[in-house]
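For reference, upload.txt is printed below; it contains compact mmCIF, C-alpha atoms.
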# COMPACT_ATOMS: atom_id res chain seq x y z
CA MET A 290 161.17 -184.85 176.01
CA ALA A 291 164.90 -184.14 176.24
CA THR A 292 164.29 -180.52 177.18
CA SER A 293 161.70 -181.33 179.83
CA PHE A 294 163.88 -184.12 181.25
CA CYS A 295 166.93 -181.87 181.52
CA PHE A 296 164.79 -179.17 183.12
CA ALA A 297 163.48 -181.68 185.70
CA MET A 298 166.96 -183.00 186.48
CA PHE A 299 168.51 -179.58 187.04
CA GLN A 300 165.51 -177.79 188.53
CA GLY A 301 163.94 -180.61 190.50
CA GLY A 302 160.68 -180.24 192.35
CA PHE A 303 157.12 -181.26 191.65
CA VAL A 304 156.39 -178.81 188.83
CA SER A 305 159.33 -179.76 186.62
CA TRP A 306 158.72 -183.49 186.96
CA PHE A 307 154.97 -182.97 186.44
CA ILE A 308 155.72 -181.26 183.12
CA PHE A 309 157.96 -184.15 182.08
CA TYR A 310 155.48 -186.92 182.95
CA SER A 311 152.56 -184.99 181.48
CA PHE A 312 154.26 -184.70 178.14
CA LEU A 313 155.62 -188.26 178.18
CA PRO A 314 152.37 -190.02 176.99
CA PHE A 315 151.94 -187.63 174.10
CA ALA A 316 155.55 -188.02 173.03
CA ALA A 317 155.34 -191.81 173.33
CA TYR A 318 152.16 -191.85 171.22
CA ALA A 319 153.86 -189.74 168.57
CA MET A 320 156.79 -192.17 168.58
CA ILE A 321 154.45 -195.15 168.16
CA LEU A 322 152.79 -193.49 165.14
CA LEU A 323 156.19 -193.32 163.44
CA PHE A 324 156.19 -197.13 163.34
CA TYR A 325 152.44 -197.66 162.89
CA PRO A 326 151.82 -200.03 159.90
CA LEU A 327 149.48 -197.74 157.99
CA HIS A 328 149.94 -199.73 154.78
CA SER A 329 148.47 -202.80 156.45
CA ILE A 330 144.98 -201.31 156.21
CA THR A 331 142.82 -203.07 153.62
CA VAL A 332 140.37 -201.09 151.53
CA GLU A 333 137.12 -202.37 150.02
CA ARG A 334 135.12 -200.18 147.67
CA ASN A 335 131.48 -200.79 146.71
CA VAL A 336 129.10 -198.73 144.63
CA SER A 337 125.37 -198.91 144.18
CA LYS A 338 125.78 -199.25 140.39
CA ARG A 339 128.63 -199.27 137.90
CA GLU A 340 126.56 -197.88 135.03
CA CYS A 341 124.13 -195.00 135.21
CA GLN A 342 122.70 -192.05 133.29
CA ALA A 343 124.22 -188.60 133.39
CA GLY A 344 122.85 -186.56 136.27
CA GLU A 345 122.03 -189.56 138.45
CA THR A 346 123.37 -190.17 141.95
CA VAL A 347 125.65 -193.08 142.85
CA GLU A 348 126.27 -194.19 146.42
CA MET A 349 129.92 -194.96 147.21
CA ASN A 350 130.71 -197.18 150.21
CA LEU A 351 134.28 -197.52 151.55
CA THR A 352 135.24 -200.08 154.17
CA PHE A 353 138.64 -199.97 155.89
CA THR A 354 139.92 -202.84 158.02
CA ARG A 355 142.87 -202.58 160.43
CA LYS A 356 144.91 -205.44 161.88
CA ASN A 357 145.17 -203.92 165.39
CA ARG A 358 143.19 -201.76 167.77
CA LEU A 359 145.74 -199.05 168.40
CA PRO A 360 143.67 -195.95 169.15
CA LEU A 361 143.91 -193.35 166.41
CA LEU A 362 143.16 -189.76 167.25
CA PHE A 363 141.89 -188.95 163.76
CA LEU A 364 141.98 -190.29 160.24
CA VAL A 365 141.72 -188.10 157.16
CA ILE A 366 140.46 -189.96 154.07
CA GLU A 367 140.83 -188.32 150.69
CA GLU A 368 139.33 -189.75 147.52
CA GLU A 369 141.36 -188.89 144.44
CA LEU A 370 138.57 -188.18 142.00
CA PRO A 371 138.89 -188.33 138.21
CA GLY A 372 139.97 -185.09 136.60
CA ASP A 373 136.64 -184.38 134.88
CA MET A 374 134.85 -184.60 138.22
CA GLU A 375 137.27 -182.27 139.94
CA ASP A 376 136.68 -179.64 137.29
CA SER A 377 132.89 -179.90 137.39
CA GLU A 378 131.04 -177.17 139.24
CA ASP A 379 128.27 -177.78 141.78
CA SER A 380 128.88 -181.51 141.55
CA GLY A 381 128.13 -182.10 145.23
CA ILE A 382 131.17 -184.41 145.52
CA TYR A 383 133.19 -184.35 148.74
CA ARG A 384 136.82 -185.34 148.33
CA LYS A 385 137.89 -185.37 152.00
CA ALA A 386 136.43 -186.79 155.20
CA LEU A 387 137.64 -186.51 158.79
CA ILE A 388 136.69 -189.38 161.07
CA PHE A 389 137.64 -190.40 164.60
CA PRO A 390 138.11 -194.19 164.55
CA GLY A 391 139.29 -194.66 168.14
CA CYS A 392 139.94 -198.36 168.71
CA LYS A 393 137.68 -199.62 165.94
CA ARG A 394 139.18 -202.19 163.58
CA THR A 395 136.54 -201.73 160.87
CA ILE A 396 135.68 -198.26 159.62
CA SER A 397 132.94 -197.50 157.10
CA LEU A 398 132.43 -194.36 155.08
CA SER A 399 129.63 -193.58 152.64
CA TYR A 400 129.09 -190.60 150.39
CA ALA A 401 127.04 -189.75 147.34
CA LEU A 402 128.32 -188.85 143.89
CA GLU A 403 125.65 -186.43 142.73
CA GLY A 404 125.09 -185.07 139.26
CA LEU A 405 127.66 -187.31 137.60
CA PRO A 406 128.82 -185.97 134.22
CA ARG A 407 128.84 -188.12 131.09
CA GLY A 408 131.96 -190.22 130.64
CA GLU A 409 133.93 -193.18 131.89
CA HIS A 410 135.25 -192.23 135.32
CA ARG A 411 138.14 -194.18 136.80
CA PHE A 412 138.61 -194.03 140.55
CA GLN A 413 142.21 -194.95 141.22
CA SER A 414 143.47 -194.38 144.76
CA ILE A 415 142.59 -193.35 148.32
CA ARG A 416 144.88 -191.30 150.57
CA PHE A 417 145.06 -191.74 154.36
CA LEU A 418 146.55 -189.28 156.85
CA ILE A 419 147.04 -189.79 160.61
CA GLY A 420 148.77 -187.67 163.24
CA ASP A 421 149.30 -187.07 166.93
CA PHE A 422 147.72 -184.55 169.30
CA PHE A 423 150.09 -181.67 168.65
CA GLY A 424 150.88 -182.29 164.99
CA LEU A 425 154.45 -183.29 165.72
CA VAL A 426 154.08 -186.43 163.61
CA GLU A 427 151.98 -186.89 160.46
CA LYS A 428 151.96 -190.05 158.44
CA GLU A 429 150.21 -190.76 155.16
CA ALA A 430 149.74 -193.62 152.75
CA ILE A 431 148.11 -194.06 149.35
CA PHE A 432 146.13 -197.19 148.52
CA ASP A 433 145.28 -198.31 145.00
CA SER A 434 141.60 -199.17 144.71
CA PRO A 435 140.75 -198.97 141.00
CA MET A 436 137.14 -198.93 139.89
CA ASN A 437 135.33 -197.63 136.80
CA ILE A 438 131.91 -196.01 136.60
CA THR A 439 130.42 -195.56 133.15
CA VAL A 440 127.96 -192.68 132.91
CA PHE A 441 125.80 -192.90 129.80
CA PRO A 442 124.39 -189.75 128.21
CA THR A 443 120.84 -188.73 128.89
CA TYR A 444 118.26 -189.35 126.19
CA HIS A 445 114.69 -188.42 125.38
CA GLU A 446 111.77 -190.36 123.95
CA LEU A 447 111.29 -189.03 120.41
CA ASP A 448 107.90 -189.02 118.78
CA SER A 449 107.41 -191.62 116.03
CA LEU A 450 105.86 -189.02 113.75
CA TYR A 451 108.93 -186.87 114.12
CA LEU A 452 111.22 -189.78 113.23
CA ASP A 453 109.12 -190.57 110.17
CA GLN A 454 109.23 -186.97 108.98
CA LEU A 455 112.94 -186.60 109.67
CA PHE A 456 114.20 -189.78 108.07
CA ASN A 457 111.30 -190.40 105.67
CA GLN A 458 110.85 -193.75 107.37
CA GLY A 459 108.14 -195.61 105.58
CA GLN A 460 109.03 -194.40 102.11
CA ALA A 461 112.77 -194.29 102.58
CA GLY A 462 113.62 -196.85 105.06
CA PRO A 463 115.94 -197.22 102.06
CA THR A 464 114.98 -199.97 99.67
CA LYS A 465 117.29 -202.27 97.80
CA LYS A 466 117.17 -205.49 95.96
CA THR A 467 119.17 -207.70 98.21
CA HIS A 468 120.74 -211.01 97.28
CA ARG A 469 118.31 -212.26 94.71
CA GLU A 470 117.44 -215.62 96.07
CA HIS A 471 114.78 -217.99 94.82
CA SER A 472 112.84 -217.64 98.04
CA VAL A 473 111.76 -214.08 97.17
CA VAL A 474 110.66 -214.59 93.55
CA SER A 475 107.40 -212.74 92.94
CA GLY A 476 106.86 -213.17 89.15
CA VAL A 477 108.43 -212.94 85.71
CA ARG A 478 109.23 -210.07 83.33
CA GLU A 479 110.98 -209.49 80.03
CA TYR A 480 114.74 -209.79 79.89
CA GLN A 481 116.67 -206.55 80.42
CA PRO A 482 120.37 -205.87 79.75
CA GLY A 483 122.38 -206.66 82.87
CA ASP A 484 120.19 -209.53 84.06
CA GLN A 485 122.10 -212.68 84.94
CA LEU A 486 121.55 -215.88 83.01
CA SER A 487 120.66 -217.69 86.23
CA TRP A 488 117.58 -215.46 86.51
CA ILE A 489 116.05 -216.68 83.24
CA ASN A 490 112.75 -218.49 83.66
CA TRP A 491 112.97 -221.14 80.92
CA LYS A 492 109.37 -222.31 81.21
CA ALA A 493 108.01 -218.80 80.70
CA THR A 494 110.51 -218.25 77.87
CA ALA A 495 109.30 -221.37 76.06
CA ARG A 496 105.69 -220.43 76.56
CA THR A 497 105.97 -216.84 75.29
CA SER A 498 108.81 -217.28 72.76
CA GLU A 499 110.56 -214.33 74.44
CA ILE A 500 113.34 -214.37 77.02
CA MET A 501 111.73 -213.94 80.41
CA THR A 502 113.55 -213.45 83.72
CA LYS A 503 112.44 -213.87 87.30
CA GLU A 504 111.04 -210.86 89.13
CA PHE A 505 112.21 -210.53 92.71
CA GLU A 506 110.56 -208.83 95.62
CA VAL A 507 112.04 -205.50 96.61
CA GLN A 508 112.99 -205.78 100.25
CA LYS A 509 113.15 -202.80 102.56
CA ASN A 510 116.37 -202.25 104.45
CA ARG A 511 115.63 -200.54 107.76
CA ASP A 512 119.25 -200.03 108.79
CA VAL A 513 120.17 -196.57 110.06
CA TRP A 514 123.69 -195.28 110.71
CA ILE A 515 124.32 -192.48 113.18
CA ILE A 516 127.51 -190.45 112.63
CA LEU A 517 128.57 -187.96 115.31
CA ASP A 518 130.57 -184.83 114.57
CA ASN A 519 133.36 -184.49 117.16
CA GLN A 520 134.49 -181.02 116.17
CA PRO A 521 134.77 -178.68 119.20
CA SER A 522 131.51 -176.81 119.72
CA ILE A 523 129.44 -175.29 122.51
CA SER A 524 126.59 -177.62 121.54
CA PHE A 525 128.67 -180.83 121.59
CA GLU A 526 126.89 -182.21 124.65
CA GLU A 527 123.54 -181.51 123.01
CA SER A 528 124.77 -183.46 119.97
CA ILE A 529 125.56 -186.39 122.27
CA ILE A 530 122.06 -186.22 123.77
CA ALA A 531 120.52 -186.05 120.29
CA ALA A 532 122.50 -189.10 119.12
CA ALA A 533 121.51 -191.05 122.23
CA SER A 534 117.86 -190.08 121.77
CA PHE A 535 117.78 -191.23 118.15
CA VAL A 536 119.59 -194.48 118.95
CA HIS A 537 117.18 -195.25 121.78
CA SER A 538 114.05 -194.37 119.80
CA LEU A 539 115.10 -196.15 116.59
CA LEU A 540 116.12 -199.33 118.39
CA LYS A 541 112.83 -199.23 120.27
CA LYS A 542 111.04 -199.28 116.91
CA GLY A 543 112.98 -202.41 115.90
CA ILE A 544 115.27 -200.62 113.44
CA GLN A 545 118.88 -201.78 113.24
CA VAL A 546 121.26 -198.96 114.12
CA GLY A 547 125.00 -198.56 113.52
CA TYR A 548 127.31 -195.90 114.88
CA ALA A 549 130.46 -194.02 113.93
CA SER A 550 132.16 -190.74 114.87
CA THR A 551 134.51 -188.43 113.04
CA SER A 552 137.23 -188.77 115.67
CA SER A 553 137.56 -192.54 115.29
CA SER A 554 137.91 -194.89 112.35
CA LEU A 555 136.14 -197.62 114.35
CA ILE A 556 132.69 -198.32 112.88
CA LEU A 557 130.11 -200.15 114.93
CA PRO A 558 128.06 -202.41 112.61
CA ALA A 559 124.30 -202.04 112.51
CA ALA A 560 122.36 -204.31 114.83
CA ALA A 561 119.29 -204.29 117.03
CA GLY A 562 118.47 -205.10 120.62
CA ARG A 563 119.61 -204.09 124.07
CA ASN A 564 123.18 -205.24 123.53
CA GLN A 565 123.55 -202.89 120.56
CA ARG A 566 122.06 -200.04 122.60
CA ARG A 567 124.62 -200.64 125.34
CA LYS A 568 127.51 -200.74 122.85
CA ILE A 569 126.52 -197.44 121.25
CA PHE A 570 125.80 -195.74 124.59
CA THR A 571 129.23 -196.86 125.83
CA ARG A 572 130.82 -195.24 122.77
CA LEU A 573 128.79 -192.08 123.36
CA ALA A 574 129.86 -191.98 127.00
CA LYS A 575 133.53 -191.90 125.96
CA GLU A 576 133.22 -189.39 123.12
CA ARG A 577 135.33 -186.24 123.35
CA THR A 578 135.84 -183.31 121.03
CA ASP A 579 138.60 -183.76 118.47
CA GLU A 580 139.87 -181.76 115.53
CA THR A 581 140.88 -184.81 113.50
CA ASN A 582 138.69 -186.44 110.90
CA ALA A 583 139.49 -190.13 110.99
CA LEU A 584 136.27 -191.13 109.23
CA ALA A 585 136.90 -189.41 105.88
CA ASP A 586 138.90 -192.27 104.35
CA LYS A 587 136.27 -194.76 105.49
CA GLY A 588 133.64 -192.90 103.50
CA ARG A 589 135.76 -192.67 100.35
CA LYS A 590 136.56 -196.37 100.53
CA GLY A 591 132.91 -197.30 100.98
CA ASN A 592 133.28 -199.00 104.34
CA LEU A 593 129.65 -198.39 105.26
CA PRO A 594 127.06 -200.72 103.75
CA ALA A 595 125.21 -199.36 100.74
CA ASN A 596 121.54 -198.43 100.69
CA VAL A 597 121.22 -197.58 104.38
CA ALA A 598 120.07 -194.32 105.91
CA VAL A 599 122.97 -192.20 107.20
CA ILE A 600 122.30 -189.45 109.72
CA PHE A 601 125.17 -187.06 110.36
CA ILE A 602 124.67 -185.04 113.58
CA VAL A 603 126.65 -181.79 113.33
CA SER A 604 126.90 -178.60 115.36
CA ASP A 605 127.23 -176.36 112.30
CA LEU A 606 127.12 -176.62 108.52
CA THR A 607 130.46 -176.59 106.72
CA ARG A 608 131.53 -177.68 103.28
CA GLU A 609 133.97 -180.19 104.75
CA LYS A 610 131.20 -181.95 106.69
CA MET A 611 128.95 -181.93 103.65
CA GLU A 612 131.69 -183.58 101.57
CA LEU A 613 132.21 -186.16 104.29
CA LEU A 614 128.53 -187.11 104.22
CA ASN A 615 128.49 -187.00 100.42
CA ALA A 616 131.28 -189.63 100.45
CA PHE A 617 128.61 -192.12 101.48
CA ARG A 618 126.70 -191.44 98.26
CA THR A 619 126.01 -195.16 97.74
CA ASN A 620 123.46 -194.75 100.52
CA ARG A 621 120.05 -193.46 99.51
CA GLY A 622 119.00 -191.70 102.68
CA LEU A 623 121.53 -189.01 103.62
CA THR A 624 120.50 -186.59 106.36
CA MET A 625 122.55 -183.84 107.94
CA LEU A 626 121.06 -183.00 111.32
CA CYS A 627 122.27 -179.61 112.56
CA MET A 628 122.06 -178.60 116.23
CA LYS A 629 121.12 -175.02 115.47
CA ASN A 630 118.15 -172.76 114.86
CA PRO A 631 117.77 -172.36 111.06
CA GLU A 632 117.09 -168.66 111.57
CA ASN A 633 120.60 -168.21 112.99
CA LEU A 634 122.45 -169.67 110.01
CA LEU A 635 125.36 -167.74 108.58
CA ASP A 636 125.52 -166.93 104.88
CA GLU A 637 128.15 -169.60 104.31
CA GLU A 638 125.99 -172.17 106.10
CA LYS A 639 123.02 -171.27 103.91
CA ARG A 640 125.14 -171.82 100.80
CA VAL A 641 126.31 -175.17 102.15
CA MET A 642 122.69 -176.16 102.85
CA THR A 643 121.68 -175.27 99.28
CA THR A 644 124.60 -177.26 97.86
CA ALA A 645 123.78 -180.24 100.07
CA MET A 646 120.17 -180.28 98.92
CA THR A 647 121.26 -180.26 95.26
CA LYS A 648 123.34 -183.35 96.00
CA GLY A 649 120.40 -185.18 97.50
CA ILE A 650 121.34 -184.59 101.14
CA LYS A 651 118.44 -183.70 103.40
CA VAL A 652 119.22 -180.96 105.95
CA SER A 653 117.21 -180.85 109.19
CA PHE A 654 117.57 -178.79 112.34
CA ILE A 655 117.12 -179.38 116.06
CA GLU A 656 117.55 -176.62 118.59
CA PRO A 657 119.41 -177.66 121.76
CA GLU A 658 116.58 -176.22 123.88
CA GLN A 659 114.13 -178.61 122.29
CA LEU A 660 116.14 -181.60 123.46
CA ARG A 661 116.81 -180.09 126.85
CA PHE A 662 113.12 -179.82 127.62
CA ASP A 663 112.11 -182.93 125.68
CA ARG A 664 109.76 -180.99 123.42
CA THR A 665 109.41 -183.65 120.77
CA GLY A 666 105.95 -182.40 119.90
CA VAL A 667 107.35 -179.03 118.93
CA MET A 668 110.15 -180.76 117.00
CA ALA A 669 107.64 -182.69 114.96
CA LYS A 670 105.84 -179.47 114.03

Just give me the structure as structure tokens.
Amino acid sequence: MATSFCFAMFQGGFVSWFIFYSFLPFAAYAMILLFYPLHSITVERNVSKRECQAGETVEMNLTFTRKNRLPLLFLVIEEELPGDMEDSEDSGIYRKALIFPGCKRTISLSYALEGLPRGEHRFQSIRFLIGDFFGLVEKEAIFDSPMNITVFPTYHELDSLYLDQLFNQGQAGPTKKTHREHSVVSGVREYQPGDQLSWINWKATARTSEIMTKEFEVQKNRDVWIILDNQPSISFEESIIAAASFVHSLLKKGIQVGYASTSSSLILPAAAGRNQRRKIFTRLAKERTDETNALADKGRKGNLPANVAVIFIVSDLTREKMELLNAFRTNRGLTMLCMKNPENLLDEEKRVMTTAMTKGIKVSFIEPEQLRFDRTGVMAK
């Protein structure tokens, strides 16, 4: 403006003053943008659903409200996506959008988050950028608009026959004699060393002249514990899918399921129902690979209930993992479920499998391709 004004003053004439007055509106607009209250814009974020399965699509709706109708030439909106989304390939997620709001006070923007990866994704902030016609002035602001989307892992419906064969359900939904209460007395038998005095049936003792004790019903405990191996592996995501599939299928059969992972000392007690399914799936959504083994001390100290089935989902067979599962030896049903083709086992893995079987640990295998294509019929065979 100063240059064109000086040129008009010294040169004079129509052309010089035409240049000055032609540039004056653009310069004035750029000056107004310097003082435009960009931070006064309010942001409202809405999503179609806060919880979904991996691979699903979520619709994101953003609404921006201004306090004035000053015409804006353009508005660049940039969504700062979580790091795991930015690194994902072929996600179909668009980070930036260019819109022309004009004099509108309310601006809406919608986009789809396609193929969401498993995890808990935190959307934190939105960045705005405005400018003038010639790019002389650019102004930006960042708005905090936190929101979490939990993406649960995918799962598959597992065949009941396969579950029975894998966990010996039916003969080893592990049995135990629970708290021997009078409500479950089924008969009498002769006294054996170790029986408590409160179990003695005095009427039967007087009738037979021998010490007789009460016989209790043997109750079946149908609790199952799923333990996930968090060691880094190329089949870690398949292990997550396998754990989710077993949790879903077992809970659907009415079996109480508990959950733990090697990277955390937090143990989720066994329970049934939709609430338990949601708790375990939330844990599975947040699982990441980790070299640490925070669950080893829990096993040595007997923190898991006795006489429950324990299923340890691993990516490979190692002696360390076998010893970890063997620490829960108070449990009758110990299963190590390996995400590998048994024909591709290394010599060391074969030796570990033999040692595990001698210790009463059942070793089963699931190939990642079987879960990927939901071939539970083939798995059962």

One decimal, in Å: what's the spacing between CA of Leu557 (chain A) and CA of Gly543 (chain A)?
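These atoms are spaced 17.3 Å apart.
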
What is the distance between CA of Thr624 (chain A) and CA of Ile523 (chain A), in Å to one decimal?
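Separating CA of Thr624 (chain A) from CA of Ile523 (chain A) is a distance of 21.6 Å.
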
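Between Lys356 (chain A) and the candidates A:Lys541, A:Asn564, A:Ile396, A:Thr494, the tightest atom-to-atom separation, counting all atoms listed in the file, involves A:Ile396.
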
Could you give me the centre and size, in Å to one decimal, of an axis-aligned box around all listed atoms of region 627-641 of chain A with 3 Å added on every side, as AutoDock Vina command-line options?
--center_x 122.6 --center_y -173.3 --center_z 108.5 --size_x 17.1 --size_y 18.7 --size_z 21.4

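Straight-line separation from CA of Leu351 (chain A) to CA of Lys575 (chain A): 26.2 Å.
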
Find the spatial neighbours of region 638-648 of chain A, counting all atoms listed in the file, within a cut-off of 8 Å - ignore same-chain residues fewer than 4 positions away - and output them as a list of chain:residue names.
A:Asp605, A:Leu606, A:Thr607, A:Arg608, A:Met611, A:Asn615, A:Leu634, A:Val652

Which is closer to Gly408 (chain A) than all the others in A:Pro442, A:Ser337, A:Val347, A:Glu632, using all atoms listed in the file?
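The closest residue to Gly408 (chain A) is A:Pro442.
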
Which neighbours of Arg394 (chain A) fall inside 8 Å, counting all atoms listed in the file, when residues of the same chain fewer than 3 positions from it are skipped, and could you give them as a list in words?
Thr354, Arg355, Lys356, Asn357 and Arg358 of chain A

Option closest in space to Ala291 (chain A), from A:Pro360, A:Glu612, A:Ala316, A:Arg407 [counting all atoms listed in the file]:
A:Ala316

Between A:Leu614, A:Met290, A:Cys627, A:Leu405, which residue has the minimum interatomic distance to Gly344 (chain A), considering only C-alpha atoms?
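Closest candidate: A:Leu405.
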